Amino acid sequence: MPSTATNERIAAIEAEMARTQRNKATAQHLGLLKARLAKLRREVLTPKSGGGGPGEGFDVAKTGDARIGFVGFPSVGKSTLLTTLAGVYSEVAAYEFTTLTTVPGCIRYKGAKIQLLDLPGIIEGAKDGKGRGRQVIAVARTCSLIFIVLDVLKPLQHKKIIQRELEGFGIRLNKQPPNIGFRRKEKGGVNLQTLVPQSELDLDIVKTILSEYRIHNADVTLRYDATADDLIDIIEGNRAYIPCIYLLNKIDQISIEELDVIYKIPHCVPISAHHKWNFDDLLEKMWQYLKLMRIYTKPKGQLPDYNAPVVLQSDRCTMEEFCNKLHRTILKEFKYALVWGSSVKHQPQKVGKDHVLNDEDVVQIVKKV
């Protein structure tokens, strides 16, 4: 458990940030406070002493091609959703905190095996170590996609609280890593390069934030209009950038007009876990956000096997990754591959191990004799 002293310091800094007016004169001070806050948050997450055993039943072995975590307040229908999607029985009852540990389930969608994790309910203050929050969010960091399940009757306040909790744990939802170059060096002071005009950061603020981390020599390149938080994210370097879909559950309790409004919110899918409404829309959006690729294998002289594709991440889908996914000895015997599909000009085409594959390509590997 993190010391109460740390939590009090966090509360004090948050209070001071809330009182401070935001203008050019206070920007440096606010930058310093944000850096201190980030350091304290990290202490809360990774306590220095190795006291206490691991959380019971929290870490689940990673299986399948992707894993999705269900995050949400108690009693918004996470377990019902998991039960109806995956056919796994996660205990469902009408009182809060029914699920106490992680319940894994697995679905097959478009040939990919996707692991679903029903995480226990998050309460406000999880990032300060309240409830089971720390372990829940530690598991959430390992997911390839997060489903935030919200009750459609009170979505916004819940969404804000959960986002704040996840941000406090270094999880950034639906964001790309900041486009900031940061390189430490032995000597020469802090060198700041800005490629576009900055509205918040200048050399003094950057120096202040870096000196809080005891970094006095570094090259910093800002390639867009960055904030102090972006810079701190880069220095901390332990942020997880995870796509996220908000599921507005219990839509059977609202009118059609309200539903039309909800449909316009970005990253949102309205569903009803109880009545199984709109699941196809949810699965389609899930596939889109996971960015997975299906590659079909073709043994020589036979038809391609369309039932069991090899599933790769779309940012790592070279021939080499494909071979390693099949078996790690294949690459040693790899001579060339024949590819049919949208990634090549001719059907089939000979390619080497650096060739980048597209979704639903068909591959035949030719080995050295």
# chains A, B, ... in the order shown; residues from 1 in each chain; ligands from 1
$ closest_atom_pairs --of "segment 138-219 of chain A" --to "segment 104-119 of chain A" --cutoff "9 Å" --atoms "only C-alpha atoms" --output "Markdown table"
| residue | atom | partner | partner_atom | distance |
| --- | --- | --- | --- | --- |
| A:Val139 | CA | A:Leu119 | CA | 8.2 |
| A:Ala140 | CA | A:Leu119 | CA | 8.1 |
| A:Cys143 | CA | A:Leu117 | CA | 8.9 |
$ residues_around --residues "Ile171 of chain A" --least-positions-apart "3" --cutoff "8 Å" --atoms "only C-alpha atoms" --output "ChimeraX atom specification"
/A:141,166-168,239-242
$ write_last_selection --atoms "all heavy atoms" --output "JSON list (two decimals), in the first residue's frame"
[["chain", "number", "residue", "atom", "x", "y", "z"],
["A", 141, "ARG", "N", -3.21, -2.31, -18.60],
["A", 141, "ARG", "CA", -2.08, -1.80, -19.38],
["A", 141, "ARG", "C", -1.58, -2.82, -20.40],
["A", 141, "ARG", "O", -0.96, -2.46, -21.39],
["A", 141, "ARG", "CB", -0.91, -1.46, -18.46],
["A", 141, "ARG", "CG", -1.01, -0.12, -17.81],
["A", 141, "ARG", "CD", 0.22, 0.12, -16.96],
["A", 141, "ARG", "NE", 1.37, 0.36, -17.80],
["A", 141, "ARG", "CZ", 1.98, 1.52, -17.94],
["A", 141, "ARG", "NH1", 1.51, 2.56, -17.31],
["A", 141, "ARG", "NH2", 3.02, 1.66, -18.71],
["A", 166, "LEU", "N", -7.39, 6.27, -15.46],
["A", 166, "LEU", "CA", -6.48, 5.60, -16.38],
["A", 166, "LEU", "C", -5.31, 6.51, -16.75],
["A", 166, "LEU", "O", -4.17, 6.07, -16.85],
["A", 166, "LEU", "CB", -7.22, 5.15, -17.64],
["A", 166, "LEU", "CG", -8.26, 4.04, -17.46],
["A", 166, "LEU", "CD1", -8.98, 3.76, -18.75],
["A", 166, "LEU", "CD2", -7.63, 2.77, -16.96],
["A", 167, "GLU", "N", -5.61, 7.81, -16.94],
["A", 167, "GLU", "CA", -4.53, 8.76, -17.27],
["A", 167, "GLU", "C", -3.53, 8.81, -16.11],
["A", 167, "GLU", "O", -2.33, 8.87, -16.32],
["A", 167, "GLU", "CB", -5.09, 10.16, -17.51],
["A", 167, "GLU", "CG", -6.02, 10.24, -18.70],
["A", 167, "GLU", "CD", -5.36, 10.87, -19.93],
["A", 167, "GLU", "OE1", -4.68, 11.89, -19.75],
["A", 167, "GLU", "OE2", -5.54, 10.33, -21.02],
["A", 168, "GLY", "N", -4.06, 8.77, -14.88],
["A", 168, "GLY", "CA", -3.17, 8.81, -13.71],
["A", 168, "GLY", "C", -2.26, 7.61, -13.65],
["A", 168, "GLY", "O", -1.22, 7.63, -13.00],
["A", 239, "ARG", "N", 4.56, 5.13, -20.64],
["A", 239, "ARG", "CA", 3.15, 5.31, -20.94],
["A", 239, "ARG", "C", 2.67, 4.24, -21.92],
["A", 239, "ARG", "O", 3.40, 3.87, -22.83],
["A", 239, "ARG", "CB", 2.92, 6.69, -21.56],
["A", 239, "ARG", "CG", 3.41, 7.83, -20.70],
["A", 239, "ARG", "CD", 2.64, 7.91, -19.42],
["A", 239, "ARG", "NE", 2.96, 9.11, -18.65],
["A", 239, "ARG", "CZ", 3.31, 9.10, -17.39],
["A", 239, "ARG", "NH1", 3.42, 7.94, -16.76],
["A", 239, "ARG", "NH2", 3.53, 10.20, -16.74],
["A", 240, "ALA", "N", 1.46, 3.77, -21.71],
["A", 240, "ALA", "CA", 0.88, 2.80, -22.63],
["A", 240, "ALA", "C", -0.16, 3.52, -23.49],
["A", 240, "ALA", "O", -1.06, 4.15, -22.95],
["A", 240, "ALA", "CB", 0.23, 1.67, -21.83],
["A", 241, "TYR", "N", 0.00, 3.45, -24.80],
["A", 241, "TYR", "CA", -0.96, 4.10, -25.71],
["A", 241, "TYR", "C", -1.89, 3.03, -26.25],
["A", 241, "TYR", "O", -1.49, 2.18, -27.03],
["A", 241, "TYR", "CB", -0.22, 4.81, -26.85],
["A", 241, "TYR", "CG", 0.63, 5.93, -26.32],
["A", 241, "TYR", "CD1", 1.95, 5.71, -25.94],
["A", 241, "TYR", "CD2", 0.11, 7.20, -26.15],
["A", 241, "TYR", "CE1", 2.72, 6.73, -25.42],
["A", 241, "TYR", "CE2", 0.86, 8.23, -25.62],
["A", 241, "TYR", "CZ", 2.16, 7.98, -25.26],
["A", 241, "TYR", "OH", 2.91, 8.99, -24.72],
["A", 242, "ILE", "N", -3.13, 3.05, -25.77],
["A", 242, "ILE", "CA", -4.06, 1.95, -26.05],
["A", 242, "ILE", "C", -5.33, 2.51, -26.70],
["A", 242, "ILE", "O", -5.88, 3.50, -26.20],
["A", 242, "ILE", "CB", -4.42, 1.21, -24.75],
["A", 242, "ILE", "CG1", -3.16, 0.72, -24.05],
["A", 242, "ILE", "CG2", -5.36, 0.05, -25.01],
["A", 242, "ILE", "CD1", -3.40, 0.07, -22.72]]
$ residues_around --residues "Pro178 of chain A" --least-positions-apart "5" --cutoff "12 Å" --atoms "only C-alpha atoms" --output "ChimeraX atom specification"
/A:172,221-235,237,239-241
$ select_by_dssp --residues "segment 184-269 of chain A" --states "strand (DSSP E or B)" --output "compact mmCIF listing (two decimals) with N, CA and C atoms, in the first residue's frame"
# COMPACT_ATOMS: atom_id res chain seq x y z
N ARG A 184 19.13 12.17 -24.21
CA ARG A 184 20.04 12.60 -23.15
C ARG A 184 21.46 12.63 -23.69
N VAL A 190 20.88 22.00 -21.94
CA VAL A 190 19.62 21.65 -22.59
C VAL A 190 19.51 22.43 -23.90
N ASN A 191 19.27 21.70 -24.97
CA ASN A 191 19.16 22.33 -26.28
C ASN A 191 17.75 22.10 -26.80
N LEU A 192 16.99 23.17 -26.99
CA LEU A 192 15.60 23.03 -27.42
C LEU A 192 15.44 23.48 -28.86
N GLN A 193 14.84 22.61 -29.69
CA GLN A 193 14.55 22.96 -31.07
C GLN A 193 13.04 22.93 -31.26
N THR A 194 12.47 24.01 -31.76
CA THR A 194 11.03 23.98 -32.01
C THR A 194 10.83 24.12 -33.51
N ALA A 218 20.45 17.61 -22.41
CA ALA A 218 19.57 16.84 -23.30
C ALA A 218 19.23 17.65 -24.54
N ASP A 219 18.93 16.94 -25.63
CA ASP A 219 18.40 17.58 -26.83
C ASP A 219 16.90 17.32 -26.88
N VAL A 220 16.10 18.37 -26.98
CA VAL A 220 14.65 18.21 -27.06
C VAL A 220 14.19 18.83 -28.37
N THR A 221 13.45 18.06 -29.17
CA THR A 221 12.90 18.58 -30.43
C THR A 221 11.39 18.53 -30.37
N LEU A 222 10.74 19.67 -30.46
CA LEU A 222 9.28 19.71 -30.45
C LEU A 222 8.79 19.84 -31.89
N ALA A 240 1.46 3.77 -21.71
CA ALA A 240 0.88 2.80 -22.63
C ALA A 240 -0.16 3.52 -23.49
N TYR A 241 0.00 3.45 -24.80
CA TYR A 241 -0.96 4.10 -25.71
C TYR A 241 -1.89 3.03 -26.25
N ILE A 242 -3.13 3.05 -25.77
CA ILE A 242 -4.06 1.95 -26.05
C ILE A 242 -5.33 2.51 -26.70
N CYS A 244 -9.31 2.69 -27.48
CA CYS A 244 -10.36 2.45 -26.51
C CYS A 244 -11.72 2.70 -27.17
N ILE A 245 -12.70 1.88 -26.83
CA ILE A 245 -14.07 2.08 -27.32
C ILE A 245 -14.98 2.23 -26.10
N TYR A 246 -15.82 3.24 -26.13
CA TYR A 246 -16.78 3.41 -25.04
C TYR A 246 -18.05 2.66 -25.39
N LEU A 247 -18.47 1.74 -24.51
CA LEU A 247 -19.70 1.01 -24.75
C LEU A 247 -20.78 1.61 -23.85
N LEU A 248 -21.81 2.16 -24.45
CA LEU A 248 -22.90 2.69 -23.64
C LEU A 248 -23.92 1.58 -23.50
N ASN A 249 -23.97 0.99 -22.32
CA ASN A 249 -24.81 -0.17 -22.10
C ASN A 249 -26.20 0.27 -21.63
N CYS A 268 -17.68 5.70 -29.75
CA CYS A 268 -18.76 5.18 -28.91
C CYS A 268 -19.58 4.14 -29.64
N VAL A 269 -20.01 3.09 -28.92
CA VAL A 269 -20.96 2.14 -29.48
C VAL A 269 -22.06 1.91 -28.45
$ closest_residue --among "A:Ser199, A:Ala66, A:Phe73, A:Ile205" --to "Leu33 of chain A" --atoms "only C-alpha atoms"
A:Ile205
